[in-house]
Structure formats: structure tokens, C-alpha cells
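Participant: Let me give you the structure first, and then I'll get to my questions.
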Amino acid sequence: MASENSYINRQIGNYRVVSELASGAFGRVYLAQHVLLKKRIVAIKLLHATYLGSSEERERFLQEAQFLEQLKHPYILPIIDVSIEEGLPYLVAEYAANGSLRHRIKSCSLHPLPLHETLTILIQIGQALHYAHQQKIIHRDLKPENILFNAKNEALLADFGLATSVSTVSMKHVDN
Ligand code: ATP
Ligand code: MG
């Protein structure tokens, strides 16, 4: 198995890895380009090799792909594909070209985000959460790092790695 940094310039499925975007708790996120459809730029999230032997982490990673596949919404990160490369699962998603809300907050640290921009983000993410809840999926990790912006500057709710389906968790019913 190649070391994780050597993914740069390597091919994963139909994509050539261009650069690393971020390294999260469970995986690394890479910018990649389709080998034939050159205009197709995507983000590939790859499970850390340390979790290669952990079936629990693999299941959790693949569960994120299942949730994203179920949740088709203008303000939820669109999934393009999911597959397994040398035993490591990876998820191909639309590239959010305008970074995360965390990055945006940091880059204007001297003054708050303009009110109209804040309201737009709240409305878009509110709609995404409402839709997910209608599908009985709870995100459970809502934070600026997990709110991304696409090329049109629309907010995209991302990272369903900790999400859960209400239909699978036990519910406690209380009278009155
Ligand atoms: P963490 O534990 O830090 O939340 P994670 O492994 O669950 O990480 P994500 O939150 O999905 O992974 O992605 C980590 C970071 O990678 C994001 O905060 C964002 O900066 C970047 N990223 C993820 N997906 C994309 C994307 N589709 N387009 C652009 N950047 C992305
Ligand atoms: Mg995250």
C-alpha cells in the first residue's frame, strides 16, 4: 500500500489526484480530475489507511456514502460515486470550490460576516437540515468545517460521517 501522501498524481478509479485539500479525523480529502472528462474536477475523500483493518470504520465510511446518496438536495454536498481502491473505500463528491465556512470566518476575522450573507447561509443550511430530518437522518456534526460553498457560492451541508438514521436508533417514548 502506498503511503497516503503519494496519492498525489496517482490514479484512483477514473480520477487523477491533483492535490490534498484537507486531512480529517477519518480520512484525507483530495482534489482530483477525471482522466477523460478533464473539466470534471471532484473531491475524493479516502479513508485513512490506519482504518484499513477496521470493519467498523469501513462500514461507517460507506454509511456516509449511503446517506449522501439518499439525500439529494440543492444545499447538501452531491455525491458522484463511491468505490474501493486497494481495500480502501473512497467517496467522490462535487468539489466545493469556495472552501468551508470555517475558512470564510477566519479570512474575515477582523469583522463579522455581513448580515445578508449570514442569513443566506442559515436559510440554506436550515433547508438542508429540514430535508434531512424529513428523511429521518440526523447530521450530528454541524460546524463551520462541515459547511462548504460551491462555485455558485451556495452553502452545501457536508460530512455525514457521524450522521445516523432515526429509524435505527432506539426511541424513548414518554407518556404525556
Ligand atoms: P473531520 O473529522 O475534520 O470533520 P472528515 O474526515 O469527516 O473530517 P470532511 O469533513 O468530510 O472529513 O472533510 C474535511 C475537510 O475537507 C472539510 O472541512 C473541507 O475543508 C474539505 N472538503 C471535504 N469535502 C470537500 C469537497 N467536496 N470540496 C472541497 N473541500 C472539501
Ligand atoms: Mg468534517
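Ligands are numbered from 1 in the order shown, chains are lettered A, B, ... in the order of the C-alpha cells, and residues start at 1 in each chain.
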Could you give me, as a list in words, the residues within 6 Å of range 92-95 of chain A, counting only C-alpha atoms and dropping anything in the same chain fewer than 2 positions from it?

Facilitator: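 Within the cut-off, the hits are Val42, Ala43, Ile44, Pro78, Ile79, Ile80, Asp81, Val82 and Ala97 of chain A.
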
Participant: Take the residues from that selection and put them in a file with C-alpha atoms, as a PDB file, in the first residue's frame.

Facilitator:
ATOM      1  CA  VAL A  42     -14.025  16.458  -7.916  1.00  0.00           C
ATOM      2  CA  ALA A  43     -13.166  15.982  -4.259  1.00  0.00           C
ATOM      3  CA  ILE A  44     -12.187  12.465  -3.221  1.00  0.00           C
ATOM      4  CA  PRO A  78     -23.782  15.925  -4.057  1.00  0.00           C
ATOM      5  CA  ILE A  79     -22.127  12.501  -4.131  1.00  0.00           C
ATOM      6  CA  ILE A  80     -20.811  11.349  -7.512  1.00  0.00           C
ATOM      7  CA  ASP A  81     -19.556   7.859  -6.724  1.00  0.00           C
ATOM      8  CA  VAL A  82     -18.214   5.535  -4.074  1.00  0.00           C
ATOM      9  CA  ALA A  97     -14.619  25.397  -4.958  1.00  0.00           C
TER      10      ALA A  97
END

Participant: Write as a CSV table (one decimal) with C-alpha atoms, in the first residue's frame the residues around ligand 1, taking 7 Å as the cut-off and counting only C-alpha atoms and all ligand atoms.

Facilitator:
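Resulting contents of out-v1.csv:
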chain,number,residue,atom,x,y,z
A,21,LEU,CA,-7.4,19.6,0.3
A,22,ALA,CA,-7.6,18.5,3.9
A,23,SER,CA,-6.9,15.8,6.4
A,24,GLY,CA,-9.8,14.9,8.7
A,25,ALA,CA,-10.3,12.5,11.6
A,26,PHE,CA,-11.2,9.5,9.4
A,27,GLY,CA,-9.8,10.4,6.0
A,28,ARG,CA,-8.0,12.7,3.7
A,29,VAL,CA,-9.7,14.8,1.1
A,42,VAL,CA,-14.0,16.5,-7.9
A,43,ALA,CA,-13.2,16.0,-4.3
A,45,LYS,CA,-12.4,11.5,0.4
A,77,LEU,CA,-23.0,18.0,-1.0
A,93,ALA,CA,-18.2,14.2,-4.4
A,94,GLU,CA,-18.7,17.5,-6.1
A,95,TYR,CA,-15.7,19.8,-5.5
A,96,ALA,CA,-16.8,22.8,-3.3
A,97,ALA,CA,-14.6,25.4,-5.0
A,99,GLY,CA,-14.0,26.4,0.7
A,100,SER,CA,-15.6,26.0,4.1
A,145,GLU,CA,-15.8,23.0,8.8
A,146,ASN,CA,-18.8,20.9,7.5
A,148,LEU,CA,-18.9,24.2,2.2
A,158,ALA,CA,-21.2,18.1,4.1
A,159,ASP,CA,-19.6,15.3,6.2
A,161,GLY,CA,-19.6,10.7,8.7

Participant: Enter the distance from CA of Val18 in chain A to CA of Phe160 in chain A, in Å, rounded to one decimal.

Facilitator: 24.1 Å

Participant: Mind listing the alpha helix (DSSP H) residues of chain A, per DSSP on the backbone, as an MDAnalysis selection string?

Facilitator: chainID A and resid 55:70 101:107 115:134

Participant: Write the residues you've just listed into a file as a compact mmCIF listing (two decimals), in the first residue's frame, and include N, CA and C atoms for each of them.

Facilitator:
# COMPACT_ATOMS: atom_id res chain seq x y z
N SER A 55 -13.29 -3.02 10.33
CA SER A 55 -14.53 -3.15 9.55
C SER A 55 -15.56 -2.14 10.04
N GLU A 56 -15.45 -1.75 11.34
CA GLU A 56 -16.41 -0.78 11.87
C GLU A 56 -16.26 0.57 11.15
N GLU A 57 -14.98 1.03 11.00
CA GLU A 57 -14.73 2.31 10.34
C GLU A 57 -15.10 2.25 8.86
N ARG A 58 -14.83 1.12 8.22
CA ARG A 58 -15.20 0.96 6.80
C ARG A 58 -16.71 1.08 6.64
N GLU A 59 -17.44 0.41 7.52
CA GLU A 59 -18.91 0.44 7.46
C GLU A 59 -19.41 1.86 7.65
N ARG A 60 -18.78 2.55 8.60
CA ARG A 60 -19.18 3.92 8.91
C ARG A 60 -18.92 4.84 7.70
N PHE A 61 -17.78 4.62 7.08
CA PHE A 61 -17.41 5.41 5.91
C PHE A 61 -18.41 5.16 4.77
N LEU A 62 -18.72 3.89 4.55
CA LEU A 62 -19.66 3.56 3.47
C LEU A 62 -21.07 4.03 3.81
N GLN A 63 -21.38 4.08 5.11
CA GLN A 63 -22.69 4.59 5.53
C GLN A 63 -22.85 6.06 5.14
N GLU A 64 -21.74 6.84 5.23
CA GLU A 64 -21.81 8.24 4.82
C GLU A 64 -22.23 8.33 3.35
N ALA A 65 -21.65 7.46 2.51
CA ALA A 65 -22.00 7.45 1.09
C ALA A 65 -23.49 7.11 0.91
N GLN A 66 -24.00 6.17 1.71
CA GLN A 66 -25.42 5.80 1.60
C GLN A 66 -26.32 6.98 1.96
N PHE A 67 -25.94 7.70 3.02
CA PHE A 67 -26.75 8.86 3.42
C PHE A 67 -26.74 9.92 2.31
N LEU A 68 -25.54 10.19 1.77
CA LEU A 68 -25.45 11.23 0.73
C LEU A 68 -26.22 10.82 -0.52
N GLU A 69 -26.23 9.54 -0.81
CA GLU A 69 -26.97 9.05 -1.96
C GLU A 69 -28.48 9.25 -1.76
N GLN A 70 -28.90 9.08 -0.51
CA GLN A 70 -30.32 9.23 -0.19
C GLN A 70 -30.74 10.70 -0.17
N LEU A 101 -17.07 27.18 5.55
CA LEU A 101 -17.48 28.35 6.35
C LEU A 101 -16.39 28.69 7.37
N ARG A 102 -15.70 27.67 7.91
CA ARG A 102 -14.60 27.94 8.84
C ARG A 102 -13.54 28.81 8.19
N HIS A 103 -13.19 28.46 6.95
CA HIS A 103 -12.19 29.21 6.21
C HIS A 103 -12.67 30.65 5.99
N ARG A 104 -13.96 30.79 5.68
CA ARG A 104 -14.52 32.13 5.42
C ARG A 104 -14.52 32.98 6.69
N ILE A 105 -14.87 32.37 7.81
CA ILE A 105 -14.89 33.12 9.08
C ILE A 105 -13.46 33.57 9.43
N LYS A 106 -12.48 32.66 9.21
CA LYS A 106 -11.08 33.00 9.53
C LYS A 106 -10.58 34.14 8.65
N SER A 107 -10.97 34.10 7.37
CA SER A 107 -10.41 35.09 6.44
C SER A 107 -11.01 36.48 6.64
N LEU A 115 -24.53 40.66 7.42
CA LEU A 115 -25.79 40.07 7.88
C LEU A 115 -26.51 39.30 6.76
N HIS A 116 -26.57 39.89 5.57
CA HIS A 116 -27.33 39.24 4.49
C HIS A 116 -26.70 37.91 4.10
N GLU A 117 -25.35 37.87 4.17
CA GLU A 117 -24.63 36.62 3.85
C GLU A 117 -24.89 35.56 4.93
N THR A 118 -24.86 36.01 6.18
CA THR A 118 -25.13 35.09 7.30
C THR A 118 -26.53 34.51 7.19
N LEU A 119 -27.50 35.38 6.89
CA LEU A 119 -28.89 34.92 6.79
C LEU A 119 -29.06 33.93 5.65
N THR A 120 -28.39 34.21 4.52
CA THR A 120 -28.49 33.30 3.36
C THR A 120 -27.95 31.92 3.73
N ILE A 121 -26.79 31.90 4.42
CA ILE A 121 -26.20 30.61 4.82
C ILE A 121 -27.14 29.87 5.78
N LEU A 122 -27.69 30.62 6.76
CA LEU A 122 -28.60 30.00 7.73
C LEU A 122 -29.83 29.41 7.04
N ILE A 123 -30.37 30.16 6.09
CA ILE A 123 -31.58 29.68 5.39
C ILE A 123 -31.25 28.42 4.59
N GLN A 124 -30.12 28.45 3.87
CA GLN A 124 -29.78 27.31 3.01
C GLN A 124 -29.49 26.06 3.86
N ILE A 125 -28.70 26.22 4.92
CA ILE A 125 -28.37 25.06 5.76
C ILE A 125 -29.62 24.61 6.54
N GLY A 126 -30.47 25.57 6.92
CA GLY A 126 -31.74 25.22 7.58
C GLY A 126 -32.59 24.35 6.67
N GLN A 127 -32.66 24.71 5.39
CA GLN A 127 -33.45 23.91 4.43
C GLN A 127 -32.84 22.52 4.29
N ALA A 128 -31.49 22.45 4.23
CA ALA A 128 -30.82 21.15 4.08
C ALA A 128 -31.11 20.25 5.29
N LEU A 129 -31.03 20.84 6.50
CA LEU A 129 -31.29 20.06 7.72
C LEU A 129 -32.74 19.61 7.79
N HIS A 130 -33.65 20.53 7.43
CA HIS A 130 -35.08 20.20 7.45
C HIS A 130 -35.36 19.01 6.53
N TYR A 131 -34.76 19.06 5.34
CA TYR A 131 -34.95 17.98 4.37
C TYR A 131 -34.36 16.66 4.91
N ALA A 132 -33.14 16.73 5.49
CA ALA A 132 -32.52 15.52 6.05
C ALA A 132 -33.40 14.93 7.16
N HIS A 133 -33.97 15.83 8.00
CA HIS A 133 -34.81 15.34 9.10
C HIS A 133 -36.09 14.71 8.56
N GLN A 134 -36.60 15.24 7.45
CA GLN A 134 -37.78 14.62 6.83
C GLN A 134 -37.45 13.19 6.37

Participant: Given the choices A:Glu86, A:Glu154, A:Leu142, A:Tyr30, which gets closest to ligand 2 if the distance is worked out from only C-alpha atoms and all ligand atoms?

Facilitator: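 Going through A:Glu86, A:Glu154, A:Leu142, A:Tyr30 one by one, the smallest distance to ligand 2 is for A:Leu142.
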
Participant: With a distance cut-off of 9 Å and only C-alpha atoms, select the neighbouring residues of Gly13 in chain A, excluding the residue or stretch itself and same-chain residues fewer than 5 positions from it, and output the selection as a list in words.

Facilitator: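 Selected residues are His34, Ser83, Ile84 and Glu85 of chain A.
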
Participant: Take the residues from that selection and put them in a file with C-alpha atoms, as a compact mmCIF listing (two decimals), in the first residue's frame.

Facilitator:
# COMPACT_ATOMS: atom_id res chain seq x y z
CA HIS A 34 -11.36 12.84 -14.30
CA SER A 83 -15.80 2.66 -4.56
CA ILE A 84 -12.88 0.75 -3.05
CA GLU A 85 -9.20 1.14 -4.09

Participant: Please determine, counting only C-alpha atoms and all ligand atoms, which residue among A:Leu157, A:Leu52, A:Val17, A:Ile138 has the shortest atom-to-atom distance to ligand 2.

Facilitator: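 For ligand 2, the nearest of the candidates is A:Leu157.
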
Participant: What is the distance between CA of Ser54 in chain A and CA of Gln11 in chain A, in Å to one decimal?

Facilitator: 24.1 Å

Participant: Pull the strand (DSSP E) assignments for chain A out of DSSP run on the backbone, and list those residues as JSON, numbers by chain.

Facilitator: {"A": [11, 12, 15, 16, 17, 18, 19, 20, 21, 22, 23, 27, 28, 29, 30, 31, 32, 33, 34, 41, 42, 43, 44, 45, 46, 47, 79, 80, 81, 82, 83, 84, 85, 88, 89, 90, 91, 92, 93, 94, 137, 138, 147, 148, 149, 155, 156, 157, 164, 165]}
